[in-house]
>>> print(open('entry-v9.txt').read())   # compact mmCIF, C-alpha atoms and all ligand atoms
# COMPACT_ATOMS: atom_id res chain seq x y z
CA MET C 1 63.08 153.28 23.48
CA SER C 2 60.76 150.53 24.60
CA SER C 3 57.83 148.85 22.88
CA TRP C 4 55.35 146.13 23.79
CA ILE C 5 55.08 142.72 22.20
CA SER C 6 52.16 140.37 22.58
CA GLU C 7 51.80 136.63 22.63
CA ALA C 8 48.33 135.78 21.34
CA ALA C 9 46.98 132.24 21.09
CA HIS C 10 43.83 130.32 22.01
CA GLY C 11 41.87 133.55 22.43
CA TYR C 12 44.19 134.85 25.12
CA GLY C 13 47.20 137.16 25.26
CA ASN C 14 50.19 138.29 27.31
CA THR C 15 51.92 141.61 26.66
CA ILE C 16 55.51 142.34 27.72
CA GLU C 17 57.52 145.57 27.51
CA VAL C 18 60.74 145.03 25.55
CA THR C 19 63.74 147.33 25.27
CA GLY C 20 65.58 145.64 22.40
CA GLU C 21 65.67 142.74 19.97
CA LEU C 22 68.71 140.49 20.44
CA PHE C 23 68.07 137.75 17.89
CA ARG C 24 65.60 136.78 15.19
CA CYS C 25 65.67 133.96 12.65
CA GLU C 26 63.38 131.65 10.77
CA SER C 27 64.76 128.12 11.26
CA LYS C 28 63.63 125.05 9.33
CA PHE C 29 61.09 124.43 12.12
CA GLN C 30 60.02 127.74 13.63
CA LYS C 31 60.52 131.48 14.07
CA ILE C 32 62.99 132.14 16.90
CA GLU C 33 63.06 135.54 18.64
CA ILE C 34 64.98 136.72 21.71
CA TYR C 35 64.35 140.11 23.35
CA GLU C 36 65.61 142.13 26.29
CA THR C 37 62.59 143.13 28.35
CA ALA C 38 62.07 146.12 30.62
CA LYS C 39 61.37 144.19 33.84
CA LEU C 40 61.61 140.45 33.20
CA GLY C 41 65.11 139.91 31.85
CA ARG C 42 65.53 138.12 28.55
CA LEU C 43 62.60 136.59 26.68
CA LEU C 44 62.52 133.67 24.22
CA LEU C 45 59.63 133.29 21.75
CA LEU C 46 59.13 130.41 19.30
CA ASP C 47 56.52 131.07 16.60
CA GLY C 48 55.37 133.99 18.74
CA ILE C 49 54.76 131.84 21.85
CA ILE C 50 56.59 132.66 25.10
CA GLN C 51 59.01 129.87 26.03
CA LEU C 52 60.72 131.58 28.93
CA THR C 53 61.67 134.81 30.62
CA TYR C 54 64.69 135.10 32.89
CA SER C 55 62.46 136.30 35.74
CA ASP C 56 60.43 133.11 36.23
CA GLU C 57 62.05 130.29 34.20
CA PHE C 58 63.45 128.78 37.43
CA ALA C 59 59.95 127.73 38.52
CA TYR C 60 59.26 125.58 35.46
CA HIS C 61 62.79 124.22 35.02
CA GLU C 62 63.29 123.25 38.68
CA MET C 63 59.98 121.41 38.79
CA MET C 64 60.35 119.63 35.43
CA ALA C 65 63.79 118.38 36.43
CA ASN C 66 63.24 117.63 40.11
CA LEU C 67 59.77 116.05 40.17
CA PRO C 68 61.02 112.99 38.24
CA PHE C 69 64.50 113.14 39.78
CA TYR C 70 63.26 112.95 43.39
CA ALA C 71 60.33 110.61 42.64
CA HIS C 72 62.89 108.08 41.37
CA LEU C 73 64.72 105.93 43.92
CA ASN C 74 68.15 106.03 42.35
CA PRO C 75 68.35 107.95 39.04
CA ARG C 76 71.56 107.63 37.00
CA ARG C 77 70.56 108.28 33.38
CA ALA C 78 68.47 111.23 32.21
CA LEU C 79 67.08 112.30 28.83
CA VAL C 80 65.58 115.69 27.97
CA ILE C 81 63.41 115.90 24.84
CA GLY C 82 63.06 119.46 23.53
CA GLY C 83 64.48 121.88 26.09
CA GLY C 84 66.81 123.63 23.63
CA ASP C 85 67.15 126.65 25.93
CA GLY C 86 69.16 124.46 28.36
CA GLY C 87 67.11 125.26 31.49
CA VAL C 88 66.13 121.68 32.38
CA LEU C 89 69.71 120.52 31.73
CA ARG C 90 71.00 123.22 34.08
CA GLU C 91 68.76 121.88 36.86
CA LEU C 92 69.66 118.22 36.18
CA GLY C 93 73.31 119.21 36.17
CA ARG C 94 73.07 120.07 39.87
CA HIS C 95 72.87 116.33 40.60
CA PRO C 96 76.27 114.60 40.63
CA GLU C 97 74.50 111.18 40.77
CA LEU C 98 73.48 111.53 37.12
CA GLU C 99 75.98 109.78 34.87
CA VAL C 100 74.14 110.27 31.56
CA LEU C 101 72.64 113.63 30.55
CA ASP C 102 71.30 113.32 26.99
CA ILE C 103 69.23 115.94 25.21
CA CYS C 104 67.26 115.39 22.00
CA GLU C 105 66.24 118.72 20.48
CA ILE C 106 64.78 118.92 16.97
CA ASP C 107 66.07 122.42 16.18
CA ALA C 108 69.83 123.05 16.39
CA GLU C 109 69.14 126.77 15.83
CA VAL C 110 67.36 127.04 19.20
CA ILE C 111 70.43 125.66 20.98
CA ARG C 112 72.77 127.95 19.00
CA ALA C 113 70.67 131.04 19.75
CA ALA C 114 70.31 130.12 23.43
CA ARG C 115 74.06 129.58 23.81
CA GLU C 116 74.73 133.03 22.41
CA PHE C 117 71.87 135.06 23.91
CA LEU C 118 70.46 133.11 26.87
CA PRO C 119 73.47 132.21 29.02
CA GLN C 120 71.30 132.01 32.17
CA THR C 121 69.65 128.81 30.90
CA ALA C 122 72.10 127.66 28.21
CA CYS C 123 74.82 127.23 30.85
CA GLY C 124 73.22 123.76 31.14
CA PHE C 125 75.07 122.76 27.95
CA ASP C 126 78.47 123.40 29.56
CA ASP C 127 78.17 120.26 31.70
CA PRO C 128 80.67 117.67 30.36
CA ARG C 129 78.08 114.89 30.83
CA VAL C 130 75.72 116.48 28.29
CA VAL C 131 75.41 114.79 24.88
CA ILE C 132 73.33 116.66 22.29
CA HIS C 133 71.25 114.74 19.74
CA ILE C 134 69.60 116.80 17.01
CA ALA C 135 66.52 114.74 16.11
CA ASP C 136 62.77 114.45 16.48
CA GLY C 137 62.22 113.16 20.03
CA SER C 138 59.36 110.90 18.91
CA GLU C 139 61.79 109.00 16.65
CA PHE C 140 64.78 109.18 19.01
CA VAL C 141 63.06 107.37 21.91
CA ARG C 142 62.24 104.39 19.70
CA GLY C 143 65.96 103.68 19.36
CA ARG C 144 66.60 103.60 23.13
CA ILE C 145 65.04 100.56 24.79
CA GLY C 146 65.22 100.15 28.58
CA TYR C 147 67.94 102.76 28.99
CA TYR C 148 66.89 105.89 30.92
CA ASP C 149 65.82 106.37 34.55
CA ILE C 150 64.13 109.70 33.96
CA ILE C 151 62.86 111.34 30.77
CA ILE C 152 61.71 114.95 30.70
CA VAL C 153 59.72 116.23 27.72
CA ASP C 154 60.21 120.00 27.67
CA SER C 155 58.31 120.61 24.47
CA THR C 156 56.54 123.38 22.67
CA ASP C 157 52.75 123.18 22.41
CA PRO C 158 50.95 120.48 20.37
CA ALA C 159 51.33 122.31 17.05
CA GLY C 160 54.23 122.38 14.58
CA PRO C 161 57.27 120.27 15.57
CA GLY C 162 55.81 119.56 19.04
CA GLU C 163 52.70 117.79 17.65
CA PRO C 164 54.14 114.21 17.71
CA LEU C 165 55.04 114.60 21.40
CA PHE C 166 51.37 114.61 22.43
CA ASN C 167 50.14 111.20 21.24
CA ALA C 168 49.84 107.66 22.63
CA ASP C 169 52.56 106.18 20.39
CA PHE C 170 55.06 108.66 21.79
CA TYR C 171 54.11 107.84 25.39
CA ALA C 172 54.49 104.12 24.60
CA GLY C 173 57.96 104.94 23.23
CA LEU C 174 58.82 106.81 26.44
CA ARG C 175 57.79 103.81 28.52
CA GLN C 176 59.92 101.45 26.42
CA ALA C 177 62.92 103.76 26.75
CA LEU C 178 62.79 103.58 30.57
CA ARG C 179 64.59 101.13 32.82
CA PRO C 180 62.46 99.51 35.58
CA GLY C 181 61.53 102.13 38.18
CA GLY C 182 61.76 104.89 35.56
CA VAL C 183 59.80 108.16 35.72
CA ILE C 184 58.74 110.64 33.03
CA ALA C 185 57.66 114.28 33.29
CA THR C 186 56.05 115.99 30.31
CA GLN C 187 54.94 119.55 29.65
CA ALA C 188 51.19 119.27 30.31
CA GLU C 189 49.79 122.73 29.50
CA SER C 190 47.41 124.99 31.45
CA PRO C 191 44.05 123.52 32.50
CA PHE C 192 42.48 127.02 32.40
CA LEU C 193 43.53 127.57 28.79
CA LEU C 194 43.68 124.09 27.25
CA PRO C 195 41.49 121.76 29.34
CA ASP C 196 40.98 119.43 26.35
CA VAL C 197 44.73 118.93 25.95
CA VAL C 198 45.16 118.31 29.70
CA GLY C 199 42.35 115.73 29.64
CA ARG C 200 43.75 114.06 26.52
CA LEU C 201 47.23 113.81 28.05
CA ASN C 202 45.73 112.18 31.12
CA ARG C 203 43.96 109.56 29.01
CA ILE C 204 47.06 108.87 26.92
CA ALA C 205 49.39 108.65 29.92
CA ARG C 206 47.00 106.27 31.70
CA GLN C 207 46.81 103.99 28.67
CA VAL C 208 50.56 103.51 29.00
CA PHE C 209 51.60 104.01 32.66
CA ARG C 210 50.11 102.62 35.86
CA ARG C 211 50.79 105.68 38.03
CA VAL C 212 50.06 109.12 36.63
CA GLY C 213 49.78 112.54 38.26
CA TYR C 214 49.39 116.20 37.28
CA ALA C 215 51.55 118.70 39.18
CA SER C 216 50.78 122.40 38.82
CA ILE C 217 53.55 124.97 38.49
CA GLN C 218 53.09 128.74 38.84
CA VAL C 219 54.81 130.59 35.99
CA PRO C 220 53.52 134.19 35.67
CA THR C 221 54.59 134.70 32.04
CA TYR C 222 52.90 131.54 30.72
CA PRO C 223 49.29 132.12 29.67
CA THR C 224 46.99 131.99 32.74
CA GLY C 225 50.09 132.07 35.00
CA MET C 226 50.30 128.34 35.40
CA ILE C 227 51.36 125.21 33.60
CA GLY C 228 51.43 121.55 34.58
CA ALA C 229 53.72 118.58 34.51
CA CYS C 230 52.34 115.12 33.75
CA VAL C 231 54.50 112.83 35.88
CA ALA C 232 54.17 109.09 35.31
CA SER C 233 55.75 105.74 36.10
CA ASP C 234 54.83 102.07 36.24
CA GLU C 235 56.42 101.31 39.59
CA VAL C 236 56.88 104.58 41.47
CA ASP C 237 54.35 106.73 43.38
CA VAL C 238 55.34 109.85 41.50
CA TRP C 239 53.35 112.21 43.75
CA GLN C 240 55.69 111.77 46.67
CA PRO C 241 59.45 112.23 46.76
CA ALA C 242 61.45 109.03 47.32
CA ARG C 243 64.24 111.14 48.86
CA PRO C 244 64.47 114.64 50.37
CA VAL C 245 66.47 117.38 48.66
CA GLU C 246 70.03 117.41 49.97
CA PRO C 247 70.32 120.35 52.46
CA GLU C 248 73.11 122.08 50.54
CA LEU C 249 71.13 121.95 47.28
CA ALA C 250 67.91 123.05 49.02
CA GLY C 251 69.68 126.34 49.78
CA GLN C 252 70.33 126.89 46.06
CA LEU C 253 66.85 126.04 44.72
CA ARG C 254 64.24 128.78 44.46
CA TYR C 255 61.06 126.82 43.73
CA TYR C 256 61.22 123.04 44.20
CA THR C 257 61.10 121.80 47.81
CA THR C 258 60.46 118.36 49.24
CA ARG C 259 57.10 119.55 50.66
CA LEU C 260 56.10 121.23 47.42
CA HIS C 261 56.68 117.98 45.51
CA SER C 262 53.60 116.39 47.10
CA ALA C 263 51.67 119.66 47.39
CA ALA C 264 51.93 120.34 43.64
CA PHE C 265 49.79 117.24 42.98
CA ALA C 266 46.97 118.59 45.20
CA VAL C 267 45.15 120.28 42.33
CA PRO C 268 41.90 122.31 42.23
CA ALA C 269 38.68 120.32 41.80
CA PHE C 270 38.22 121.08 38.09
CA VAL C 271 41.78 119.95 37.32
CA GLY C 272 41.23 116.81 39.36
CA ARG C 273 38.20 116.03 37.17
CA LEU C 274 40.32 116.49 34.04
CA PHE C 275 43.13 114.42 35.49
CA ASP C 276 41.40 111.80 37.66
CA GLY C 277 42.21 113.47 40.96
CA GLY C 278 45.59 114.84 39.88
CA ARG C 279 47.28 111.73 41.27
CA GLY C 280 46.95 108.00 41.54
N1 LIG C 301 59.24 125.39 28.45
C1 LIG C 301 58.82 125.76 27.16
C2 LIG C 301 57.36 125.95 27.05
O1 LIG C 301 56.59 125.08 27.38
O2 LIG C 301 56.96 127.02 26.63
C3 LIG C 301 59.40 124.85 26.14
C4 LIG C 301 60.81 125.29 25.94
S1 LIG C 301 61.87 124.46 24.88
C5 LIG C 301 62.56 125.86 24.05
C6 LIG C 301 60.86 123.66 23.66
C7 LIG C 301 61.72 122.99 22.59
O3 LIG C 301 61.09 121.81 22.11
C8 LIG C 301 61.97 123.86 21.37
O4 LIG C 301 63.32 124.25 21.32
C9 LIG C 301 61.59 122.98 20.19
O5 LIG C 301 62.46 123.10 19.08
C10 LIG C 301 61.64 121.60 20.82
N2 LIG C 301 60.83 120.60 20.12
C11 LIG C 301 59.59 120.75 19.58
N3 LIG C 301 59.19 119.62 19.00
C12 LIG C 301 60.18 118.71 19.19
C13 LIG C 301 60.36 117.34 18.80
N4 LIG C 301 59.41 116.69 18.10
N5 LIG C 301 61.51 116.71 19.16
C14 LIG C 301 62.47 117.36 19.87
N6 LIG C 301 62.37 118.67 20.24
C15 LIG C 301 61.24 119.32 19.91
>>> encode(input="entry-v9.txt", output="structure tokens", more="lines below")
Ligand code: SAM
Amino acid sequence: MSSWISEAAHGYGNTIEVTGELFRCESKFQKIEIYETAKLGRLLLLDGIIQLTYSDEFAYHEMMANLPFYAHLNPRRALVIGGGDGGVLRELGRHPELEVLDICEIDAEVIRAAREFLPQTACGFDDPRVVIHIADGSEFVRGRIGYYDIIIVDSTDPAGPGEPLFNADFYAGLRQALRPGGVIATQAESPFLLPDVVGRLNRIARQVFRRVGYASIQVPTYPTGMIGACVASDEVDVWQPARPVEPELAGQLRYYTTRLHSAAFAVPAFVGRLFDGGRG
């Protein structure tokens, strides 16, 4: 027996056919639900908002991990903030050069549920380099000065626990936590759905970093079918890869390519106006 569940937010909705509920709980921070769907594999919702489906999570996770990884000249230490499903960690784990793979997730229940019911993404936690910190990312970064080469903020939307990850103090903390040459990538929402948030992120990121770009990522099950990454650095031209993808790894990836890295920053005119050209 199947039924349909809807994500509804910001005056817009997505409806997905599900064949069974695998997990449901109310954690200290949010409602966590995992379903089996009819056509899209497993589905994770937090407070009713789609976080991933198995069918298209590779697009978002490959780009969030690899845009900062390949923009950087020589990354060794990585931090993921949020990302409790493990998808960004899985992608970072493909890179043997990374010596440090830290994750700071506020909600231990998301990691526990993902490990049990979302093995496709949670396999990222099996990497022996991974160290899990259960904490608010906005506080965690303040304790790490000049340490990371890349920081990826794979957060929920700017409401509930994700709220402090969308302000200028947090971006200043990210900058302080980087070593010279460091690069960040943050979840930067859909410009069709939340143009105000995209514009605000641009202004905040530019207050803190000298080089800022917006890369668009096609993800059919996110509202409007797209989302963006805000990629920023003081020293690095984030909109072009510093190194090509290694040929063996290129054969394994399904979304990120060396050409797409630069192409993703070539945004439509209205996004360019929100984000000062999408690059530079
Ligand atoms: N890619 C997803 C999206 O944009 O829909 C986000 C996926 S990931 C599951 C988001 C994670 O961020 C959640 O597990 C949530 O608990 C975590 N999170 C939210 N606020 C946080 C904070 N302040 N510090 C650390 N993690 C946070």
>>> residues_near_ligand(input="entry-v9.txt", ligand="ligand LIG 301 (chain C)", cutoff="9 Å", atoms="all atoms listed in the file", output="number ranges by chain")
C: 29-30, 44-46, 49-52, 57, 60-61, 80-88, 103-111, 114, 134-140, 153-165, 187-189, 222, 227
>>> residues_around(input="entry-v9.txt", residues="range 3-20 of chain C", least_positions_apart="4", cutoff="10 Å", atoms="all atoms listed in the file", output="list in words")
Ile34, Tyr35, Glu36, Thr37, Ala38, Lys39, Leu40, Gly41, Arg42, Leu43, Leu45, Asp47, Gly48, Ile49, Ile50, Leu193, Leu194, Pro220, Thr221, Tyr222, Pro223, Thr224 and Gly225 of chain C
>>> atom_distance(input="entry-v9.txt", atom1="CA of Ile132 in chain C", atom2="CA of Phe69 in chain C")
19.9 Å
>>> closest_residue(input="entry-v9.txt", among="C:Gln207, C:Ser190, C:Pro247, C:Gln120", to="Thr53 in chain C", atoms="all atoms listed in the file")
C:Gln120
>>> closest_residue(input="entry-v9.txt", among="C:Leu22, C:Leu92, C:Val183, C:Leu101", to="Leu118 in chain C", atoms="only C-alpha atoms")
C:Leu22
>>> atom_distance(input="entry-v9.txt", atom1="CA of Ala172 in chain C", atom2="CA of Pro241 in chain C")
24.1 Å
>>> atom_distance(input="entry-v9.txt", atom1="CA of Arg129 in chain C", atom2="CA of Ala232 in chain C")
25.0 Å
>>> residues_near_point(input="entry-v9.txt", point="(46.8, 123.9, 39.7)", cutoff="7 Å", atoms="all atoms listed in the file", output="PDB file with C-alpha atoms, in the coordinates of the input")
ATOM      1  CA  SER C 216      50.780 122.400  38.820  1.00  0.00           C
ATOM      2  CA  ILE C 217      53.550 124.970  38.490  1.00  0.00           C
ATOM      3  CA  VAL C 267      45.150 120.280  42.330  1.00  0.00           C
ATOM      4  CA  PRO C 268      41.900 122.310  42.230  1.00  0.00           C
ATOM      5  CA  VAL C 271      41.780 119.950  37.320  1.00  0.00           C
TER       6      VAL C 271
END
>>> closest_residue(input="entry-v9.txt", among="C:Leu67, C:Ala78, C:Met1, C:Ile150", to="Ala264 in chain C", atoms="all atoms listed in the file")
C:Leu67
>>> closest_residue(input="entry-v9.txt", among="C:Val208, C:Phe23, C:Cys230, C:Phe170", to="Thr186 in chain C", atoms="only C-alpha atoms")
C:Cys230
>>> closest_residue(input="entry-v9.txt", among="C:Asp149, C:Asp102, C:Asp237, C:Asp276", to="His133 in chain C", atoms="all atoms listed in the file")
C:Asp102
>>> closest_residue(input="entry-v9.txt", among="C:Leu178, C:Val238, C:Thr257, C:Tyr171", to="Ile145 in chain C", atoms="only C-alpha atoms")
C:Leu178
>>> residues_near_point(input="entry-v9.txt", point="(67.2, 101.6, 33.9)", cutoff="8 Å", atoms="all atoms listed in the file", output="list in words")
Arg77, Gly146, Tyr147, Tyr148, Asp149, Leu178, Arg179, Pro180, Gly181 and Gly182 of chain C
